[in-house]
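**Q** File model27.txt follows (compact mmCIF, C-alpha atoms):
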```txt
# COMPACT_ATOMS: atom_id res chain seq x y z
CA MET L 1 106.36 97.46 119.75
CA ILE L 2 105.83 97.75 116.01
CA GLU L 3 108.31 100.19 114.50
CA LEU L 4 106.06 101.89 111.94
CA SER L 5 102.31 102.20 111.44
CA VAL L 6 100.92 103.69 108.24
CA VAL L 7 97.36 105.04 108.26
CA LEU L 8 95.74 105.65 104.88
CA ILE L 9 92.34 107.31 104.46
CA SER L 10 90.13 107.10 101.39
CA LYS L 11 86.73 107.86 99.95
CA ASN L 12 85.86 106.86 96.38
CA GLN L 13 89.51 106.86 95.29
CA ALA L 14 89.69 103.64 93.32
CA TRP L 15 91.50 105.65 90.65
CA ASN L 16 94.51 106.11 92.97
CA ILE L 17 94.36 103.61 95.83
CA SER L 18 96.60 100.98 94.17
CA ARG L 19 99.27 103.55 93.39
CA LEU L 20 99.18 104.82 96.98
CA ILE L 21 99.39 101.38 98.59
CA GLU L 22 102.13 100.18 96.26
CA SER L 23 104.19 103.31 96.99
CA VAL L 24 103.86 102.63 100.73
CA LEU L 25 104.75 98.94 100.42
CA GLN L 26 107.79 99.81 98.31
CA ALA L 27 109.00 102.51 100.72
CA THR L 28 108.57 100.22 103.75
CA SER L 29 109.94 97.03 102.18
CA SER L 30 113.06 97.09 104.37
CA ILE L 31 111.09 97.67 107.59
CA ILE L 32 110.31 94.30 109.12
CA SER L 33 108.06 95.46 111.95
CA LYS L 34 105.28 97.49 110.32
CA GLU L 35 101.53 97.66 109.74
CA VAL L 36 99.44 99.40 107.09
CA ILE L 37 95.83 100.31 107.85
CA LEU L 38 93.35 101.75 105.37
CA VAL L 39 90.30 103.56 106.77
CA ASP L 40 87.68 103.91 104.06
CA SER L 41 84.83 106.39 104.42
CA ALA L 42 81.93 104.41 102.93
CA SER L 43 83.25 104.38 99.37
CA THR L 44 80.70 103.44 96.71
CA ASP L 45 83.29 102.65 94.04
CA GLU L 46 85.86 99.83 93.95
CA THR L 47 88.30 101.39 96.43
CA VAL L 48 87.93 98.67 99.06
CA GLU L 49 87.89 95.83 96.54
CA MET L 50 91.14 97.04 94.99
CA ALA L 51 92.78 97.66 98.38
CA SER L 52 91.88 94.17 99.59
CA ARG L 53 94.34 92.70 97.07
CA TYR L 54 97.25 93.96 99.18
CA PRO L 55 98.62 92.76 102.56
CA ILE L 56 97.03 95.54 104.59
CA SER L 57 94.24 95.88 107.15
CA ILE L 58 91.04 97.62 106.06
CA VAL L 59 88.56 99.42 108.30
CA ARG L 60 85.28 100.45 106.68
CA LEU L 61 83.36 103.36 108.16
CA GLN L 62 79.65 102.77 107.71
CA PRO L 63 77.46 105.23 105.78
CA GLY L 64 74.82 107.24 107.59
CA GLN L 65 77.28 108.97 109.93
CA ARG L 66 79.39 112.08 109.59
CA LEU L 67 82.56 111.28 107.66
CA SER L 68 85.68 113.42 107.39
CA PRO L 69 89.46 113.13 107.03
CA ALA L 70 89.86 113.80 110.76
CA ILE L 71 87.51 110.92 111.61
CA GLY L 72 89.41 108.60 109.29
CA ARG L 73 92.78 109.48 110.80
CA TYR L 74 91.46 109.27 114.36
CA THR L 75 89.86 105.88 113.72
CA GLY L 76 93.00 104.57 112.06
CA TYR L 77 95.33 105.81 114.79
CA LYS L 78 93.28 104.09 117.49
CA ARG L 79 94.05 100.79 115.74
CA THR L 80 97.81 101.29 115.44
CA GLN L 81 100.65 100.17 117.66
CA GLY L 82 103.68 101.68 115.93
CA GLU L 83 106.38 103.74 117.58
CA PHE L 84 106.01 106.09 114.60
CA VAL L 85 102.80 106.74 112.68
CA LEU L 86 102.67 107.93 109.07
CA PHE L 87 99.40 109.44 107.81
CA LEU L 88 98.64 109.67 104.08
CA ASP L 89 95.53 110.71 102.16
CA GLY L 90 93.91 108.62 99.44
CA ASP L 91 94.70 111.09 96.67
CA THR L 92 98.45 111.02 97.28
CA GLU L 93 101.45 108.85 96.44
CA LEU L 94 104.39 108.46 98.83
CA VAL L 95 107.62 109.61 97.18
CA GLN L 96 110.45 107.09 97.44
CA GLY L 97 113.49 108.31 99.38
CA TRP L 98 111.65 110.39 101.98
CA LEU L 99 110.71 107.85 104.67
CA GLY L 100 114.20 106.68 105.64
CA PRO L 101 115.59 110.16 106.41
CA ALA L 102 112.33 111.07 108.18
CA LEU L 103 112.64 108.09 110.52
CA SER L 104 116.27 109.03 111.20
CA VAL L 105 115.20 112.56 112.13
CA MET L 106 112.61 111.15 114.52
CA ARG L 107 115.20 108.98 116.25
CA GLU L 108 117.98 111.56 116.37
CA ILE L 109 116.05 114.67 117.43
CA PRO L 110 114.29 114.16 120.78
CA ARG L 111 112.07 117.23 120.33
CA ALA L 112 110.82 116.15 116.90
CA GLY L 113 107.08 115.60 117.18
CA ALA L 114 106.27 115.40 113.47
CA VAL L 115 108.23 115.31 110.22
CA THR L 116 106.93 116.23 106.80
CA GLY L 117 108.29 117.22 103.40
CA ARG L 118 107.41 119.15 100.29
CA VAL L 119 104.15 118.40 98.49
CA ILE L 120 104.08 118.04 94.70
CA ASN L 121 100.62 119.04 93.47
CA LEU L 122 99.58 117.41 90.18
CA LEU L 123 96.46 116.78 88.15
CA PRO L 124 95.38 113.11 88.11
CA SER L 125 96.05 113.08 84.37
CA ALA L 126 99.73 113.78 85.07
CA ALA L 127 100.18 110.59 87.10
CA GLU L 128 101.75 108.57 84.31
CA GLU L 129 104.04 111.42 83.30
CA ARG L 130 105.47 112.04 86.75
CA THR L 131 109.23 112.15 87.16
CA ALA L 132 111.19 110.98 90.15
CA PRO L 133 112.73 113.69 92.34
CA PRO L 134 116.50 113.96 92.05
CA GLU L 135 118.29 111.49 94.28
CA LYS L 136 120.21 113.13 97.10
CA THR L 137 123.10 111.46 98.84
CA HIS L 138 122.77 113.95 101.69
CA LEU L 139 119.75 115.91 102.87
CA ASP L 140 120.11 119.27 104.53
CA ALA L 141 119.10 119.57 108.16
CA PRO L 142 115.31 119.77 108.48
CA ARG L 143 113.78 123.16 109.11
CA GLU L 144 111.13 123.88 111.70
CA VAL L 145 107.78 124.93 110.27
CA LEU L 146 104.67 126.53 111.70
CA TRP L 147 101.59 124.58 110.73
CA GLY L 148 99.75 127.75 109.78
CA SER L 149 101.90 128.02 106.66
CA TYR L 150 102.13 124.29 106.00
CA GLU L 151 100.07 122.75 103.18
CA GLY L 152 100.62 119.04 103.70
CA GLY L 153 99.22 118.25 107.15
CA GLY L 154 97.49 115.19 105.74
CA ALA L 155 100.90 113.69 104.93
CA ALA L 156 103.28 113.55 107.87
CA LEU L 157 105.14 111.18 110.20
CA TYR L 158 104.38 111.49 113.91
CA LYS L 159 106.05 110.20 117.05
CA ARG L 160 103.60 108.05 118.97
CA SER L 161 104.81 109.19 122.38
CA VAL L 162 104.02 112.78 121.41
CA LEU L 163 100.53 111.92 120.13
CA GLU L 164 99.84 110.00 123.32
CA LEU L 165 100.82 113.14 125.25
CA VAL L 166 98.91 115.80 123.29
CA GLY L 167 96.22 113.70 121.59
CA THR L 168 95.80 112.77 117.95
CA PHE L 169 93.56 114.38 115.31
CA ASN L 170 90.33 115.78 116.77
CA PRO L 171 87.54 113.78 115.06
CA TYR L 172 84.94 116.45 115.79
CA LEU L 173 86.69 119.10 113.68
CA THR L 174 85.30 119.40 110.15
CA ASN L 175 88.55 121.00 108.94
CA ASP L 176 91.68 122.70 110.30
CA GLU L 177 92.51 119.49 112.17
CA GLU L 178 96.13 119.46 110.92
CA PRO L 179 97.14 122.97 112.12
CA GLU L 180 95.18 122.42 115.33
CA LEU L 181 97.17 119.26 116.07
CA GLY L 182 100.36 121.07 115.13
CA LEU L 183 99.52 123.79 117.62
CA ARG L 184 99.13 121.24 120.41
CA ILE L 185 102.42 119.58 119.47
CA ARG L 186 104.37 122.82 119.57
CA ASN L 187 102.58 124.02 122.71
CA ALA L 188 103.90 120.88 124.44
CA GLY L 189 107.48 121.86 123.53
CA TYR L 190 107.99 119.69 120.44
CA GLN L 191 108.87 120.66 116.88
CA ILE L 192 107.31 120.11 113.47
CA LEU L 193 110.16 119.58 111.03
CA GLU L 194 110.22 119.61 107.25
CA LEU L 195 112.76 117.81 105.07
CA ASP L 196 113.82 119.52 101.86
CA TYR L 197 112.54 116.57 99.87
CA PRO L 198 109.08 115.66 98.54
CA ILE L 199 106.93 113.53 100.82
CA VAL L 200 104.00 112.96 98.45
CA ARG L 201 102.61 113.63 95.04
CA HIS L 202 99.15 115.04 95.59
CA TYR L 203 96.71 114.44 92.75
CA ASN L 204 93.99 117.08 92.87
CA ASN L 205 91.43 117.74 90.16
CA TYR L 206 89.65 120.61 91.95
CA PRO L 207 90.77 124.10 90.85
CA PRO L 208 91.31 125.97 94.15
CA GLU L 209 89.91 129.23 92.79
CA ALA L 210 86.84 127.85 91.03
CA ILE L 211 83.42 128.76 92.39
CA SER L 212 82.39 125.09 92.21
CA THR L 213 85.28 124.13 94.51
CA VAL L 214 84.35 126.81 97.03
CA LEU L 215 80.69 125.76 97.07
CA SER L 216 81.66 122.10 97.37
CA ARG L 217 83.77 122.85 100.43
CA ARG L 218 80.87 124.75 101.95
CA ARG L 219 78.45 121.87 101.34
CA ARG L 220 80.87 119.52 103.08
CA ASN L 221 81.15 121.88 106.08
CA PHE L 222 84.84 122.51 105.46
CA PHE L 223 84.63 126.08 106.77
CA LEU L 224 83.51 125.33 110.32
CA GLY L 225 86.86 124.34 111.79
CA SER L 226 88.14 127.78 112.75
CA GLY L 227 85.07 128.52 114.87
CA GLN L 228 85.26 125.07 116.43
CA CYS L 229 88.94 125.56 117.29
CA LEU L 230 88.25 128.92 118.91
CA ARG L 231 85.73 127.27 121.22
CA TYR L 232 88.00 124.31 121.95
CA HIS L 233 90.89 126.56 122.95
CA SER L 234 88.95 129.40 124.59
CA ALA L 235 90.12 128.36 128.05
CA ASP L 236 93.27 126.25 127.66
CA GLY L 237 95.93 128.87 126.94
CA MET L 238 96.16 128.16 123.20
CA LEU L 239 93.50 130.61 122.02
CA TRP L 240 95.89 133.43 121.19
CA PRO L 241 98.47 131.20 119.44
CA TYR L 242 95.67 129.81 117.27
CA ILE L 243 94.37 133.30 116.46
CA ARG L 244 97.89 134.49 115.68
CA GLU L 245 98.54 131.64 113.24
CA ARG L 246 95.11 131.08 111.71
CA GLY L 247 93.17 134.26 112.40
CA ARG L 248 93.98 135.90 109.09
CA TRP L 249 91.92 133.29 107.26
CA SER L 250 88.60 133.92 108.97
CA LEU L 251 88.86 136.31 111.92
CA VAL L 252 90.34 139.19 109.93
CA PRO L 253 87.64 138.96 107.22
CA ALA L 254 85.03 138.69 109.99
CA LEU L 255 86.26 141.88 111.64
CA TRP L 256 86.32 143.58 108.25
CA LEU L 257 82.72 142.53 107.60
CA VAL L 258 81.64 143.77 111.04
CA ALA L 259 83.28 147.12 110.27
CA GLY L 260 81.34 147.28 107.01
CA VAL L 261 78.02 146.55 108.72
CA ALA L 262 78.76 149.13 111.42
CA SER L 263 79.66 151.83 108.90
CA LEU L 264 76.56 151.05 106.83
CA SER L 265 74.38 151.26 109.94
CA ARG L 266 75.86 154.65 110.76
CA TYR L 267 75.13 155.77 107.23
CA LEU L 268 71.49 154.63 107.40
CA ILE L 269 70.79 155.89 110.92
CA ALA L 270 72.88 159.05 111.22
CA ARG L 271 73.00 159.87 107.50
CA ASP L 272 76.78 160.06 107.74
CA PRO L 273 78.30 158.24 104.74
CA THR L 274 81.94 159.03 105.56
CA TRP L 275 82.95 155.74 107.16
CA PHE L 276 80.93 153.61 104.77
CA ARG L 277 82.46 155.34 101.75
CA LEU L 278 85.91 154.78 103.23
CA TRP L 279 85.09 151.10 103.80
CA VAL L 280 83.91 150.71 100.19
CA LEU L 281 87.02 152.51 98.91
CA VAL L 282 89.38 150.26 100.86
CA LEU L 283 87.43 147.19 99.71
CA ALA L 284 87.75 148.30 96.09
CA LEU L 285 91.49 148.84 96.54
CA LEU L 286 91.89 145.38 98.10
CA LEU L 287 89.98 143.74 95.24
CA THR L 288 92.01 145.66 92.68
CA GLY L 289 95.26 144.60 94.32
CA ALA L 290 94.11 140.98 94.45
CA ALA L 291 93.10 141.12 90.78
CA PHE L 292 96.57 142.36 89.83
CA ARG L 293 98.30 139.69 91.94
CA LYS L 294 96.14 136.92 90.52
CA ARG L 295 96.02 138.51 87.06
CA SER L 296 92.28 137.92 87.02
CA LEU L 297 89.33 139.86 88.41
CA ARG L 298 87.24 136.69 88.41
CA ARG L 299 89.77 134.83 90.54
CA ALA L 300 89.93 137.78 92.93
CA LEU L 301 86.14 137.79 93.30
CA VAL L 302 86.07 134.03 93.89
CA ALA L 303 88.75 134.43 96.57
CA ALA L 304 86.66 137.15 98.22
CA PHE L 305 83.60 134.90 98.11
CA ASN L 306 85.68 132.11 99.66
CA ARG L 307 86.63 134.42 102.54
CA LEU L 308 82.97 135.37 102.99
CA LEU L 309 81.99 131.72 103.34
CA MET L 310 84.86 131.25 105.80
CA VAL L 311 83.37 134.04 107.92
CA GLU L 312 79.98 132.35 107.79
CA GLY L 313 81.62 129.06 108.75
CA LEU L 314 83.45 130.77 111.61
CA PHE L 315 80.19 131.83 113.22
CA ARG L 316 78.55 128.47 112.58
CA GLY L 317 81.53 126.71 114.13
CA LEU L 318 81.40 128.97 117.18
CA LEU L 319 77.83 127.82 117.79
CA MET L 320 78.85 124.16 117.92
CA LYS L 321 79.35 122.80 121.43
CA PRO L 322 82.81 121.19 121.81
CA SER L 323 82.91 117.49 122.62
CA PRO L 324 85.93 115.70 124.12
CA PRO L 325 87.78 113.89 121.30
CA GLU L 326 88.06 110.74 123.40
CA SER L 327 84.24 110.50 123.50
CA PHE L 328 84.05 109.88 119.75
CA HIS L 329 83.09 106.43 118.49
CA ALA L 330 82.82 105.62 114.79
CA ASN L 331 80.50 103.00 113.36
CA VAL L 332 82.69 100.52 111.50
CA GLU L 333 82.06 97.24 109.72
```
Mind turning this structure into structure tokens?
**A**
Amino acid sequence: MIELSVVLISKNQAWNISRLIESVLQATSSIISKEVILVDSASTDETVEMASRYPISIVRLQPGQRLSPAIGRYTGYKRTQGEFVLFLDGDTELVQGWLGPALSVMREIPRAGAVTGRVINLLPSAAEERTAPPEKTHLDAPREVLWGSYEGGGAALYKRSVLELVGTFNPYLTNDEEPELGLRIRNAGYQILELDYPIVRHYNNYPPEAISTVLSRRRRNFFLGSGQCLRYHSADGMLWPYIRERGRWSLVPALWLVAGVASLSRYLIARDPTWFRLWVLVLALLLTGAAFRKRSLRRALVAAFNRLLMVEGLFRGLLMKPSPPESFHANVE
């Protein structure tokens, strides 16, 4: 069996693909038995042309079908043979010094299902000014993390035997595929471990609290995953764990919105404004608190709008009929 498989996913990332591939080839130079697979989601720039200069395999997803990170990872995994599988996104760069200790953790800890590390978020313009993390002669023992609080699900090393047991990324999920997979891993009795060392530099040019970013995520259906996950796990014993870990992002705002509609209805029908006034007061206090924390009323309002779209996505996702992940077939060149 091949020791290590690396699955890279990309879409119109010619600006970074060479840096990503070179970082992977450098980090794996001492591993004799390995394979690197790039799954490209119908890029219209020079991503594939640039990637083809390197000794890797390239899978091209055809246009005209739904494309997503989950589909790319699923498609790539199905073409791997490695005992361990490393997933990386096209806008990242693997940090040197992380992979070796991560592989050791996988071999030494039987219950380790996935290993990750810290994520360094940078603007693309900072790429040439990046500094190497301090070299460590000894890394502290990895800590167990819950995927609900983990920001780097797109960059992690997995044990193949665990993925064969619980399944890999669900290609039908439009988002939330990383925490959903993490939930299945932990539900099977395995751990998700994090090394106190950077795993990737993540180059992101989208301000998280800009209205354009929020609307872009909505257009790409990135708010449907929570509703989809609720339907997937409604009868398999993992519904409550998912709600407990991820519910605050969409379910809590949904319940709050329902309370607002109910209090407004009471006001209009029974002419009793008490509960609606209380709801408005609490909402104003929450927005004020968020504005103080973020030091910006505009950012607080954008965050509230983001939650509103998450609620809308929750209900849209709930209406989508779940399909078995193994039934998915991508159109590839």
**Q** Tell me which of L:Met320, L:Ala70, L:Tyr197, L:Gln62 sits closest to L:Leu181, counting all atoms listed in the file.
**A** L:Ala70
**Q** For L:Asp91, which residue out of L:Lys11, L:His202, L:Arg186, L:Arg118 is the nearest one, using all atoms listed in the file?
**A** L:His202
**Q** Name all residues at most 7 Å from L:Ser226 (count all atoms listed in the file; drop same-chain ones fewer than 3 positions away) and give them as number ranges by chain.
**A** L: 176, 229-230, 314, 317
**Q** Save the residues we just selected, C-alpha atoms, as a PDB file, in the frame of the given file?
**A**
```
ATOM      1  CA  ASP L 176      91.680 122.700 110.300  1.00  0.00           C
ATOM      2  CA  CYS L 229      88.940 125.560 117.290  1.00  0.00           C
ATOM      3  CA  LEU L 230      88.250 128.920 118.910  1.00  0.00           C
ATOM      4  CA  LEU L 314      83.450 130.770 111.610  1.00  0.00           C
ATOM      5  CA  GLY L 317      81.530 126.710 114.130  1.00  0.00           C
TER       6      GLY L 317
END
```
**Q** Please provide as a ChimeraX atom specification all residues within 7 Å of stretch 292-306 of chain L, with the sequence filter that same-chain residues fewer than 3 positions apart are discarded (counting only C-alpha atoms).
**A** /L:209-211,214,287-289,309-310
**Q** I'd like the interatomic distance between atom CA of L:Ser5 and atom CA of L:Glu83, to a tenth of an Å.
**A** 7.5 Å
**Q** At a cut-off of 10 Å, using all atoms listed in the file, what residues contact L:Leu283? Leave out same-chain residues fewer than 6 positions from it and give the result as a ChimeraX atom specification.
**A** /L:256,260,277,289
**Q** Can you sort out the box for stretch 8-27 of chain L, edges along x, y and z, all listed atoms in, 6 Å on every side, with centre and edge lengths in Å to one decimal, as JSON?
**A**
```
{"center_x": 97.4, "center_y": 103.4, "center_z": 97.8, "size_x": 35.1, "size_y": 20.9, "size_z": 26.2}
```
**Q** Suppose you want the space between atom CA of L:Leu278 and atom CA of L:Pro253; what is it in Å?
**A**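 Value for the atom CA of L:Leu278-atom CA of L:Pro253 distance: 16.4 Å.
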**Q** Name the closest residue to L:His329 among the candidates L:Gly82, L:Gly117, L:Gly76, L:Pro110; distances are taken between atoms, counting only C-alpha atoms.
**A**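 Checking each of L:Gly82, L:Gly117, L:Gly76, L:Pro110 against L:His329, counting only C-alpha atoms, the winner is L:Gly76.
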**Q** Between L:Ser23, L:Ser323, L:Thr75, L:Thr116, which residue has the minimum interatomic distance to L:Leu157, considering only C-alpha atoms?
**A**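 Comparing L:Ser23, L:Ser323, L:Thr75, L:Thr116 against L:Leu157, the winner is L:Thr116.
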**Q** Work out how far atom CA of L:Ser327 is from atom CA of L:Val48, in Å to one decimal.
**A**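 Distance between the two atoms: 27.4 Å.
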**Q** Would you please work out which residue, of L:Ser33, L:Thr174, L:Ser10, L:Thr28, is nearest to L:Ala51 when using all atoms listed in the file?
**A**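 With all atoms listed in the file as the atom set, the closest residue is L:Ser10.
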